[in-house]
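What follows is the content of model.tsv (TSV, C-alpha atoms).
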chain	number	residue	atom	x	y	z
R	187	MET	CA	1.52	-9.61	39.28
R	188	THR	CA	0.58	-8.02	35.98
R	189	ARG	CA	-2.36	-9.28	33.95
R	190	PRO	CA	-1.55	-10.53	30.43
R	191	ALA	CA	-3.72	-7.87	28.77
R	192	GLU	CA	-1.89	-5.18	30.66
R	193	THR	CA	1.50	-6.60	29.69
R	194	ARG	CA	0.42	-6.76	26.06
R	195	GLN	CA	-0.66	-3.14	26.25
R	196	ARG	CA	2.62	-2.06	27.80
R	197	ILE	CA	4.51	-3.82	25.02
R	198	ILE	CA	2.48	-2.04	22.33
R	199	SER	CA	2.98	1.35	23.97
R	200	ALA	CA	6.71	0.70	24.17
R	201	VAL	CA	6.82	-0.23	20.49
R	202	LEU	CA	5.08	2.99	19.47
R	203	ARG	CA	7.50	5.00	21.58
R	204	ILE	CA	10.57	3.30	20.14
R	205	ILE	CA	9.30	3.71	16.57
R	206	GLY	CA	8.61	7.38	17.21
R	207	ASP	CA	12.11	7.90	18.58
R	208	ASP	CA	14.17	5.83	16.15
R	209	GLY	CA	11.97	4.40	13.45
R	210	VAL	CA	10.98	0.79	12.85
R	211	ALA	CA	14.67	-0.16	12.59
R	212	GLY	CA	15.04	0.60	16.31
R	213	VAL	CA	12.53	-2.05	17.36
R	214	THR	CA	14.24	-5.08	18.94
R	215	ASN	CA	12.79	-7.49	21.49
R	216	ARG	CA	15.48	-6.56	23.95
R	217	ARG	CA	14.72	-2.86	23.73
R	218	ILE	CA	10.96	-3.42	23.94
R	219	ALA	CA	11.42	-5.44	27.11
R	220	GLN	CA	13.55	-2.67	28.58
R	221	VAL	CA	11.21	0.20	27.67
R	222	ALA	CA	8.05	-1.70	28.65
R	223	GLY	CA	9.58	-3.04	31.86
R	224	VAL	CA	8.64	-6.64	31.06
R	225	SER	CA	10.70	-9.79	30.57
R	226	LEU	CA	12.12	-10.75	27.21
R	227	GLY	CA	10.00	-13.89	27.37
R	228	SER	CA	6.82	-11.81	27.71
R	229	VAL	CA	7.54	-10.05	24.43
R	230	THR	CA	7.98	-13.25	22.46
R	231	TYR	CA	5.03	-14.86	24.29
R	232	HIS	CA	2.62	-12.11	23.24
R	233	PHE	CA	4.01	-11.52	19.75
R	234	ALA	CA	5.58	-14.40	17.86
R	235	THR	CA	6.95	-12.29	15.01
R	236	GLN	CA	7.90	-8.67	14.49
R	237	GLN	CA	5.15	-8.40	11.91
R	238	ASP	CA	2.57	-9.38	14.54
R	239	LEU	CA	3.97	-6.69	16.76
R	240	LEU	CA	3.96	-3.93	14.15
R	241	ARG	CA	0.50	-4.89	12.93
R	242	ALA	CA	-0.90	-4.83	16.48
R	243	SER	CA	0.74	-1.48	17.16
R	244	MET	CA	-0.70	0.06	14.04
R	245	LEU	CA	-4.20	-1.20	14.79
R	246	HIS	CA	-3.95	-0.13	18.42
R	247	PHE	CA	-3.02	3.38	17.38
R	248	VAL	CA	-5.87	3.74	14.95
R	249	ASP	CA	-8.26	2.26	17.49
R	250	CYS	CA	-7.36	4.98	20.01
R	251	GLU	CA	-7.61	7.67	17.39
R	252	THR	CA	-10.97	6.64	16.00
R	253	ARG	CA	-12.39	6.33	19.50
R	254	HIS	CA	-11.13	9.79	20.39
R	255	PHE	CA	-12.24	11.49	17.18
R	256	GLY	CA	-15.47	9.51	17.12
R	257	GLU	CA	-16.39	11.08	20.43
R	258	LEU	CA	-15.45	14.52	19.17
R	259	ALA	CA	-17.61	13.91	16.12
R	260	LYS	CA	-20.55	12.85	18.28
R	261	GLN	CA	-20.23	15.97	20.41
R	262	SER	CA	-20.26	18.05	17.25
R	263	GLN	CA	-23.52	16.54	16.03
R	264	THR	CA	-26.31	18.57	17.54
R	265	GLY	CA	-29.36	17.89	15.39
R	266	SER	CA	-28.54	19.98	12.35
R	267	ALA	CA	-24.86	19.89	11.55
R	268	ASP	CA	-23.26	22.85	9.88
R	269	LEU	CA	-19.89	23.96	8.62
R	270	GLU	CA	-19.07	25.92	11.76
R	271	LYS	CA	-19.32	22.73	13.76
R	272	VAL	CA	-16.98	20.87	11.48
R	273	VAL	CA	-14.48	23.71	11.59
R	274	GLU	CA	-14.49	23.31	15.35
R	275	LEU	CA	-13.95	19.58	15.00
R	276	VAL	CA	-11.07	20.06	12.59
R	277	ARG	CA	-9.44	22.53	14.94
R	278	GLU	CA	-9.67	19.93	17.68
R	279	VAL	CA	-8.17	17.24	15.46
R	280	ALA	CA	-5.37	19.51	14.25
R	281	ASN	CA	-4.56	20.63	17.74
R	282	THR	CA	-4.40	17.13	19.15
R	283	VAL	CA	-0.63	17.13	19.29
R	284	PRO	CA	0.70	14.37	21.50
R	285	GLN	CA	4.42	14.12	22.18
R	286	ASP	CA	6.61	14.27	19.10
R	287	SER	CA	7.49	10.60	19.11
R	288	GLU	CA	3.82	9.64	19.27
R	289	ARG	CA	3.02	11.87	16.30
R	290	ILE	CA	5.73	10.29	14.22
R	291	ALA	CA	5.13	6.61	15.02
R	292	PRO	CA	2.04	6.02	12.86
R	293	TYR	CA	3.70	7.61	9.84
R	294	GLU	CA	6.73	5.37	10.34
R	295	LEU	CA	4.41	2.38	10.41
R	296	TYR	CA	2.69	3.45	7.19
R	297	LEU	CA	6.04	3.88	5.47
R	298	HIS	CA	7.18	0.52	6.73
R	299	ALA	CA	4.06	-1.02	5.20
R	300	GLY	CA	5.38	0.34	1.90
R	301	ARG	CA	8.35	-2.00	2.35
R	302	ASP	CA	6.54	-4.93	3.91
R	303	PRO	CA	3.38	-6.05	2.07
R	304	GLU	CA	2.40	-8.16	5.12
R	305	LEU	CA	1.53	-4.94	6.91
R	306	GLN	CA	-0.54	-3.44	4.12
R	307	ASP	CA	-3.80	-5.06	5.24
R	308	ALA	CA	-3.43	-3.50	8.67
R	309	ALA	CA	-2.66	-0.14	7.06
R	310	SER	CA	-5.78	-0.47	4.91
R	311	ASP	CA	-7.83	-1.19	8.04
R	312	CYS	CA	-6.48	2.02	9.57
R	313	PHE	CA	-7.37	4.15	6.59
R	314	THR	CA	-10.79	2.53	6.33
R	315	ALA	CA	-11.47	3.46	9.96
R	316	TYR	CA	-10.52	7.07	9.24
R	317	ASP	CA	-12.67	7.06	6.11
R	318	LYS	CA	-15.69	5.84	8.06
R	319	LEU	CA	-15.31	8.55	10.65
R	320	ALA	CA	-14.92	11.24	8.00
R	321	ALA	CA	-17.94	9.91	6.10
R	322	THR	CA	-20.07	10.07	9.26
R	323	VAL	CA	-19.20	13.71	9.82
R	324	LEU	CA	-19.64	14.62	6.16
R	325	THR	CA	-23.01	12.88	5.98
R	326	ALA	CA	-24.17	14.78	9.08
R	327	LEU	CA	-23.12	17.96	7.27
R	328	GLY	CA	-25.27	17.05	4.29
R	329	VAL	CA	-22.29	16.77	1.95
R	330	PRO	CA	-23.29	14.78	-1.15
R	331	ASP	CA	-21.30	11.61	-1.98
R	332	ALA	CA	-19.92	11.64	1.56
R	333	ASP	CA	-18.25	8.25	1.09
R	334	LYS	CA	-16.29	9.45	-1.89
R	335	VAL	CA	-15.32	12.78	-0.33
R	336	ALA	CA	-14.23	11.03	2.89
R	337	GLY	CA	-11.16	9.40	1.33
R	338	VAL	CA	-10.03	12.75	-0.04
R	339	VAL	CA	-10.55	14.45	3.34
R	340	VAL	CA	-8.48	11.78	5.07
R	341	GLY	CA	-5.69	12.16	2.49
R	342	LEU	CA	-5.67	15.92	2.93
R	343	ILE	CA	-5.48	15.76	6.73
R	344	MET	CA	-2.70	13.16	6.51
R	345	GLY	CA	-0.62	15.19	4.09
R	346	MET	CA	-1.03	18.50	5.87
R	347	LYS	CA	-0.20	17.02	9.26
R	348	LEU	CA	2.93	15.46	7.76
R	349	ARG	CA	3.89	18.85	6.40
R	350	ALA	CA	3.37	20.51	9.78
R	351	LEU	CA	5.49	17.81	11.39
R	352	ALA	CA	8.32	18.14	8.86
R	353	THR	CA	8.47	21.91	8.85
R	354	GLY	CA	7.68	22.49	12.52
R	355	SER	CA	4.90	24.90	11.55
R	356	GLY	CA	1.30	25.17	12.65
R	357	THR	CA	-1.27	23.93	10.21
R	358	THR	CA	-4.71	24.42	11.70
R	359	ASP	CA	-5.82	27.37	9.59
R	360	ASP	CA	-4.51	25.86	6.35
R	361	LEU	CA	-6.21	22.59	7.16
R	362	VAL	CA	-9.53	24.28	7.87
R	363	ASP	CA	-9.27	26.27	4.62
R	364	GLY	CA	-8.46	23.13	2.67
R	365	LEU	CA	-11.34	21.14	4.11
R	366	LEU	CA	-13.81	23.94	3.45
R	367	MET	CA	-12.59	24.05	-0.16
R	368	LEU	CA	-13.14	20.31	-0.51
R	369	VAL	CA	-16.59	20.41	0.99
R	370	LYS	CA	-17.59	23.31	-1.26
R	371	GLY	CA	-16.11	21.54	-4.25
R	372	ALA	CA	-18.03	18.36	-3.45
R	373	ALA	CA	-21.26	20.36	-3.25
R	374	ALA	CA	-20.48	22.18	-6.51
R	375	GLY	CA	-19.63	18.88	-8.18
R	376	SER	CA	-23.02	17.44	-7.36
R	377	GLU	CA	-24.67	20.33	-9.14
R	378	GLY	CA	-23.11	19.34	-12.44
R	379	PRO	CA	-19.79	20.06	-14.05
R	380	ARG	CA	-18.32	23.52	-13.46
R	381	ASN	CA	-15.19	24.77	-15.04
R	382	PRO	CA	-13.45	27.41	-12.94
B	236	MET	CA	39.73	9.27	-11.20
B	237	THR	CA	36.29	10.49	-10.17
B	238	ARG	CA	35.46	14.18	-10.09
B	239	PRO	CA	34.40	15.59	-6.68
B	240	ALA	CA	30.94	16.58	-7.93
B	241	GLU	CA	30.36	13.06	-9.15
B	242	THR	CA	31.51	11.57	-5.87
B	243	ARG	CA	29.22	13.90	-3.98
B	244	GLN	CA	26.33	12.83	-6.19
B	245	ARG	CA	27.08	9.16	-5.67
B	246	ILE	CA	27.10	9.68	-1.92
B	247	ILE	CA	23.71	11.42	-2.02
B	248	SER	CA	22.19	8.68	-4.18
B	249	ALA	CA	23.53	6.06	-1.78
B	250	VAL	CA	22.01	7.91	1.19
B	251	LEU	CA	18.58	8.02	-0.45
B	252	ARG	CA	18.79	4.32	-1.22
B	253	ILE	CA	19.80	3.39	2.33
B	254	ILE	CA	17.06	5.56	3.84
B	255	GLY	CA	14.50	4.00	1.53
B	256	ASP	CA	15.58	0.51	2.50
B	257	ASP	CA	16.10	0.91	6.24
B	258	GLY	CA	15.14	4.40	7.34
B	259	VAL	CA	17.37	7.20	8.58
B	260	ALA	CA	18.64	4.94	11.38
B	261	GLY	CA	20.38	2.81	8.75
B	262	VAL	CA	22.60	5.65	7.53
B	263	THR	CA	26.22	5.23	8.68
B	264	ASN	CA	29.35	6.55	6.98
B	265	ARG	CA	30.66	3.02	6.57
B	266	ARG	CA	27.52	1.85	4.80
B	267	ILE	CA	27.36	4.95	2.59
B	268	ALA	CA	30.96	4.35	1.48
B	269	GLN	CA	30.11	0.76	0.67
B	270	VAL	CA	26.91	1.46	-1.26
B	271	ALA	CA	28.37	4.47	-3.10
B	272	GLY	CA	31.63	2.68	-3.83
B	273	VAL	CA	33.75	5.52	-2.43
B	274	SER	CA	36.28	5.73	0.37
B	275	LEU	CA	35.23	6.45	3.94
B	276	GLY	CA	37.35	9.59	3.77
B	277	SER	CA	35.35	10.86	0.79
B	278	VAL	CA	32.12	10.71	2.78
B	279	THR	CA	33.48	12.76	5.67
B	280	TYR	CA	35.27	15.11	3.25
B	281	HIS	CA	32.05	16.00	1.41
B	282	PHE	CA	29.75	16.02	4.43
B	283	ALA	CA	31.10	17.00	7.81
B	284	THR	CA	28.00	16.01	9.78
B	285	GLN	CA	25.09	13.67	9.29
B	286	GLN	CA	22.78	16.67	9.27
B	287	ASP	CA	24.65	18.12	6.27
B	288	LEU	CA	24.18	14.82	4.55
B	289	LEU	CA	20.47	14.47	5.26
B	290	ARG	CA	19.81	18.09	4.35
B	291	ALA	CA	21.66	17.75	1.03
B	292	SER	CA	19.80	14.52	0.26
B	293	MET	CA	16.42	16.10	0.93
B	294	LEU	CA	17.18	19.14	-1.22
B	295	HIS	CA	18.61	16.99	-4.00
B	296	PHE	CA	15.48	14.91	-4.10
B	297	VAL	CA	13.14	17.88	-4.28
B	298	ASP	CA	15.38	19.50	-6.90
B	299	CYS	CA	14.99	16.47	-9.19
B	300	GLU	CA	11.27	16.33	-8.57
B	301	THR	CA	10.57	20.00	-9.23
B	302	ARG	CA	12.66	19.89	-12.40
B	303	HIS	CA	10.80	16.83	-13.63
B	304	PHE	CA	7.32	18.07	-12.74
B	305	GLY	CA	8.18	21.58	-13.89
B	306	GLU	CA	8.80	20.22	-17.35
B	307	LEU	CA	5.59	18.24	-17.26
B	308	ALA	CA	3.75	21.38	-16.25
B	309	LYS	CA	5.31	23.35	-19.10
B	310	GLN	CA	4.30	20.71	-21.61
B	311	SER	CA	0.77	20.85	-20.27
B	312	GLN	CA	0.49	24.59	-20.82
B	313	THR	CA	-0.64	25.10	-24.36
B	314	GLY	CA	-2.06	28.59	-24.55
B	315	SER	CA	-5.36	28.17	-22.71
B	316	ALA	CA	-5.06	25.77	-19.82
B	317	ASP	CA	-8.07	23.71	-18.82
B	318	LEU	CA	-9.04	21.04	-16.36
B	319	GLU	CA	-8.46	18.20	-18.81
B	320	LYS	CA	-4.84	19.29	-19.09
B	321	VAL	CA	-4.36	19.28	-15.36
B	322	VAL	CA	-5.97	15.88	-15.04
B	323	GLU	CA	-3.38	14.62	-17.49
B	324	LEU	CA	-0.61	16.22	-15.45
B	325	VAL	CA	-1.88	14.69	-12.23
B	326	ARG	CA	-2.03	11.27	-13.86
B	327	GLU	CA	1.60	11.69	-14.87
B	328	VAL	CA	2.59	12.76	-11.36
B	329	ALA	CA	0.67	9.92	-9.72
B	330	ASN	CA	2.10	7.37	-12.11
B	331	THR	CA	5.68	8.47	-11.61
B	332	VAL	CA	6.49	5.51	-9.42
B	333	PRO	CA	10.23	5.03	-8.99
B	334	GLN	CA	11.52	2.01	-7.12
B	335	ASP	CA	9.97	1.42	-3.74
B	336	SER	CA	12.97	2.56	-1.73
B	337	GLU	CA	13.10	5.83	-3.69
B	338	ARG	CA	9.41	6.47	-3.02
B	339	ILE	CA	9.88	5.97	0.69
B	340	ALA	CA	13.10	7.96	1.24
B	341	PRO	CA	11.64	11.50	1.07
B	342	TYR	CA	8.89	10.59	3.54
B	343	GLU	CA	11.49	9.18	5.92
B	344	LEU	CA	13.41	12.45	5.65
B	345	TYR	CA	10.30	14.50	6.38
B	346	LEU	CA	9.54	12.38	9.43
B	347	HIS	CA	13.10	12.71	10.59
B	348	ALA	CA	12.78	16.48	10.34
B	349	GLY	CA	9.98	16.09	12.88
B	350	ARG	CA	12.63	14.80	15.29
B	351	ASP	CA	15.50	17.05	14.28
B	352	PRO	CA	14.64	20.77	14.08
B	353	GLU	CA	17.93	21.39	12.21
B	354	LEU	CA	16.37	19.72	9.19
B	355	GLN	CA	13.12	21.66	9.25
B	356	ASP	CA	14.41	24.54	7.12
B	357	ALA	CA	15.38	22.13	4.37
B	358	ALA	CA	11.96	20.49	4.64
B	359	SER	CA	10.31	23.91	4.36
B	360	ASP	CA	12.36	24.63	1.22
B	361	CYS	CA	11.09	21.37	-0.28
B	362	PHE	CA	7.47	22.16	0.41
B	363	THR	CA	7.89	25.72	-0.87
B	364	ALA	CA	9.26	24.35	-4.15
B	365	TYR	CA	6.22	22.09	-4.48
B	366	ASP	CA	3.91	24.98	-3.63
B	367	LYS	CA	5.44	27.15	-6.34
B	368	LEU	CA	5.00	24.49	-8.95
B	369	ALA	CA	1.40	23.88	-7.94
B	370	ALA	CA	0.69	27.62	-7.93
B	371	THR	CA	2.06	27.94	-11.48
B	372	VAL	CA	-0.24	25.22	-12.76
B	373	LEU	CA	-3.26	26.54	-10.84
B	374	THR	CA	-2.67	30.09	-12.11
B	375	ALA	CA	-2.49	28.82	-15.69
B	376	LEU	CA	-5.83	27.13	-15.05
B	377	GLY	CA	-7.35	30.41	-13.93
B	378	VAL	CA	-7.99	29.16	-10.40
B	379	PRO	CA	-8.53	32.14	-8.07
B	380	ASP	CA	-6.20	32.52	-5.06
B	381	ALA	CA	-3.81	30.06	-6.67
B	382	ASP	CA	-1.15	30.64	-4.01
B	383	LYS	CA	-3.51	29.70	-1.23
B	384	VAL	CA	-4.93	26.68	-3.02
B	385	ALA	CA	-1.42	25.46	-3.91
B	386	GLY	CA	-0.53	24.51	-0.33
B	387	VAL	CA	-3.72	22.50	-0.01
B	388	VAL	CA	-3.09	20.74	-3.32
B	389	VAL	CA	0.43	19.79	-2.22
B	390	GLY	CA	-0.90	18.46	1.10
B	391	LEU	CA	-3.53	16.38	-0.68
B	392	ILE	CA	-1.06	14.84	-3.12
B	393	MET	CA	1.35	14.07	-0.27
B	394	GLY	CA	-1.30	12.41	1.87
B	395	MET	CA	-2.84	10.36	-0.91
B	396	LYS	CA	0.52	9.13	-2.16
B	397	LEU	CA	1.40	8.09	1.39
B	398	ARG	CA	-1.86	6.18	1.58
B	399	ALA	CA	-1.17	4.44	-1.73
B	400	LEU	CA	2.29	3.53	-0.48
B	401	ALA	CA	1.03	2.17	2.86
B	402	THR	CA	-1.85	0.16	1.45
B	403	GLY	CA	-0.22	-0.96	-1.78
B	404	SER	CA	-3.19	0.36	-3.75
B	405	GLY	CA	-3.40	2.58	-6.79
B	406	THR	CA	-4.46	6.12	-6.15
B	407	THR	CA	-4.57	7.95	-9.48
B	408	ASP	CA	-8.35	8.15	-9.84
B	409	ASP	CA	-8.91	9.17	-6.23
B	410	LEU	CA	-6.23	11.82	-6.53
B	411	VAL	CA	-7.73	13.26	-9.70
B	412	ASP	CA	-11.18	13.31	-8.08
B	413	GLY	CA	-9.80	15.03	-5.01
B	414	LEU	CA	-7.95	17.68	-6.96
B	415	LEU	CA	-10.98	18.44	-9.09
B	416	MET	CA	-13.03	18.85	-5.91
B	417	LEU	CA	-10.45	21.29	-4.53
B	418	VAL	CA	-10.29	23.34	-7.71
B	419	LYS	CA	-14.09	23.54	-7.90
B	420	GLY	CA	-14.25	24.46	-4.23
B	421	ALA	CA	-11.69	27.23	-4.70
B	422	ALA	CA	-13.74	28.63	-7.58
B	423	ALA	CA	-16.96	28.39	-5.57
B	424	GLY	CA	-15.28	30.06	-2.60
B	425	SER	CA	-14.31	33.08	-4.68
B	426	GLU	CA	-17.97	33.60	-5.59
B	427	GLY	CA	-18.90	34.15	-1.95
B	428	PRO	CA	-19.83	31.82	0.86
B	429	ARG	CA	-21.82	28.73	-0.08
B	430	ASN	CA	-23.16	26.29	2.43
B	431	PRO	CA	-23.61	22.83	0.99

Would you give me this structure, written as structure tokens?
Amino acid sequence: MTRPAETRQRIISAVLRIIGDDGVAGVTNRRIAQVAGVSLGSVTYHFATQQDLLRASMLHFVDCETRHFGELAKQSQTGSADLEKVVELVREVANTVPQDSERIAPYELYLHAGRDPELQDAASDCFTAYDKLAATVLTALGVPDADKVAGVVVGLIMGMKLRALATGSGTTDDLVDGLLMLVKGAAAGSEGPRNP
Amino acid sequence: MTRPAETRQRIISAVLRIIGDDGVAGVTNRRIAQVAGVSLGSVTYHFATQQDLLRASMLHFVDCETRHFGELAKQSQTGSADLEKVVELVREVANTVPQDSERIAPYELYLHAGRDPELQDAASDCFTAYDKLAATVLTALGVPDADKVAGVVVGLIMGMKLRALATGSGTTDDLVDGLLMLVKGAAAGSEGPRNP
């Protein structure tokens, strides 16, 4: 017999897989039950509404990601942080390429939040978690205004990974270049206004 | 009687609306015909496969965008370009908020290209068009290595607009801050390595 927590987890994993394959429109209770290998009743028992389900899936995804990247970040902090270390970290992040459907699912969820305001709080929680992680790394690097720069870093990573996904191209070097530009710009900004 | 070019255009607009509302999975010939107000035969006459249709829709969207932003960029170039001018341009770009479904459609198409390699060339063409526009503005601003910085700028705008969409929040100020950071960083980079 399967424990409830395990069933719940299997349902969430199934949802992420279905969304990655066919978008949010492909998510039906029947299909979830089939992909997760659980009964139809289990799905409705664990998640009363589709919004509950999508919200939980989004938060689960970001939870995994922040745990994974948080550990990478910790490994990269060896007393005095420097740019080389962060370049290494970014390479790791950029190269973390799970299966295609898993890469696509979170983006589908973010887009769906654009249609369904009930999901926007969960989306905000996701971005806040990414911001926090970025701010930790930036602070360790001695970047001024780390909190402010963090949101920009997260936006840049998001956009460049979407581009890599859409065009089927690698992005690691471009991403590293972009982040170094940002970090330099943040440092330059703290020294007063500079017109290029 | 409707001219073929007009029919084709109505079909493309219908596709973008359907994708915005329900994702790529919602696109069927029957629904396109209904939304566009054309016959089912017209849809298959103009677009033999769904890939043709999605590719044409993606390219049409980026064509409109580059024309629109290209004009904005031209208006912003008054002899000597400066950062204030670009801040104005970015505000315009960030505030160009069409209806929700129209904002979402291009992202859905990019994600779908992640699943369907046949669409990746069209996606690359879109990003190249954005890059070119960004490079033009950056060059006018006197930013060194404008071509290289352009790709990063496009990624940043993409990511931050996705975030704004997902969280339902405004993004203009953050976007302007981020772009200024990038431009400063690019200028600092050209003066030799600087550790923050």

Give me the residues within 10 Å of Glu300 in chain B as a PyMOL selection string, counting only C-alpha atoms and dropping any in the same chain fewer than 3 places off.
chain B and resi 294-297+303-306+328+361+364-365

Under the rule that all atoms listed in the file are counted, which of B:Val325, B:Leu354, B:Leu346, B:Val270 is the nearest residue to Ala291 in chain B?
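Among the listed residues, the smallest separation from Ala291 in chain B belongs to B:Leu354.
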
Straight-line distance linking CA of Leu327 in chain R with CA of Leu365 in chain R, stated in Å to one decimal
12.6 Å

Could the residues of chain B that have an atom at most 8 Å from chain R be listed as a tab-separated table, each with its closest atom pair and the distance in Å to one decimal, counting only C-alpha atoms and ordered by chain and ascending residue number?
residue	atom	partner	partner_atom	distance
B:Asp256	CA	R:Arg301	CA	7.7
B:Asp257	CA	R:Ala211	CA	6.6
B:Gly258	CA	R:Gly209	CA	6.9
B:Val259	CA	R:Gly209	CA	7.8
B:Ala260	CA	R:Ala211	CA	6.6
B:Gly261	CA	R:Ala211	CA	7.5
B:Leu318	CA	R:Asn381	CA	7.3
B:Asp335	CA	R:Arg301	CA	7.2
B:Ser336	CA	R:Arg301	CA	7.7
B:Ile339	CA	R:Leu297	CA	6.5
B:Tyr342	CA	R:Leu297	CA	7.5
B:Glu343	CA	R:Glu294	CA	7.5
B:Tyr345	CA	R:Ala352	CA	4.8
B:Leu346	CA	R:Ala352	CA	5.9
B:His347	CA	R:Ala352	CA	7.4
B:Ala348	CA	R:Ala352	CA	5.0
B:Gly349	CA	R:Ala352	CA	4.8
B:Arg350	CA	R:Asp286	CA	7.1
B:Pro352	CA	R:Gly354	CA	7.3
B:Gln355	CA	R:Thr353	CA	4.7
B:Asp356	CA	R:Thr353	CA	6.7
B:Ala358	CA	R:Thr353	CA	5.6
B:Ser359	CA	R:Thr353	CA	5.2
B:Phe362	CA	R:Arg349	CA	7.7
B:Leu376	CA	R:Pro382	CA	7.9
B:Gly377	CA	R:Pro382	CA	6.9
B:Val378	CA	R:Pro382	CA	6.3
B:Val384	CA	R:Gly364	CA	7.6
B:Gly386	CA	R:Asp360	CA	7.9
B:Val387	CA	R:Gly364	CA	5.5
B:Val389	CA	R:Gly345	CA	7.9
B:Gly390	CA	R:Gly345	CA	4.4
B:Leu391	CA	R:Leu342	CA	4.2
B:Ile392	CA	R:Gly345	CA	7.2
B:Met393	CA	R:Gly345	CA	4.9
B:Gly394	CA	R:Gly345	CA	3.6
B:Met395	CA	R:Gly341	CA	4.8
B:Leu397	CA	R:Leu297	CA	7.5
B:Arg398	CA	R:Gly341	CA	7.2
B:Leu400	CA	R:Gly300	CA	5.0
B:Ala401	CA	R:Tyr296	CA	4.8
B:Thr402	CA	R:Gln306	CA	4.7
B:Gly403	CA	R:Gln306	CA	6.4
B:Asp409	CA	R:Val338	CA	7.2
B:Leu410	CA	R:Val338	CA	7.6
B:Gly413	CA	R:Val338	CA	5.5
B:Leu415	CA	R:Gly371	CA	7.7
B:Met416	CA	R:Gly371	CA	4.4
B:Leu417	CA	R:Leu368	CA	4.9
B:Val418	CA	R:Gly371	CA	7.0
B:Lys419	CA	R:Gly371	CA	4.6
B:Gly420	CA	R:Gly371	CA	3.5
B:Ala421	CA	R:Met367	CA	5.6
B:Ala422	CA	R:Pro382	CA	5.5
B:Ala423	CA	R:Lys370	CA	6.7
B:Gly424	CA	R:Met367	CA	7.0
B:Arg429	CA	R:Lys370	CA	7.0
B:Asn430	CA	R:Lys370	CA	7.3
B:Pro431	CA	R:Ala373	CA	5.4

re CA of Val262 in chain B and CA of Leu239 in chain R: distance 24.2 Å

To one decimal place in Å, what is the distance between CA of Asp331 in chain R and CA of Thr314 in chain R?
16.2 Å
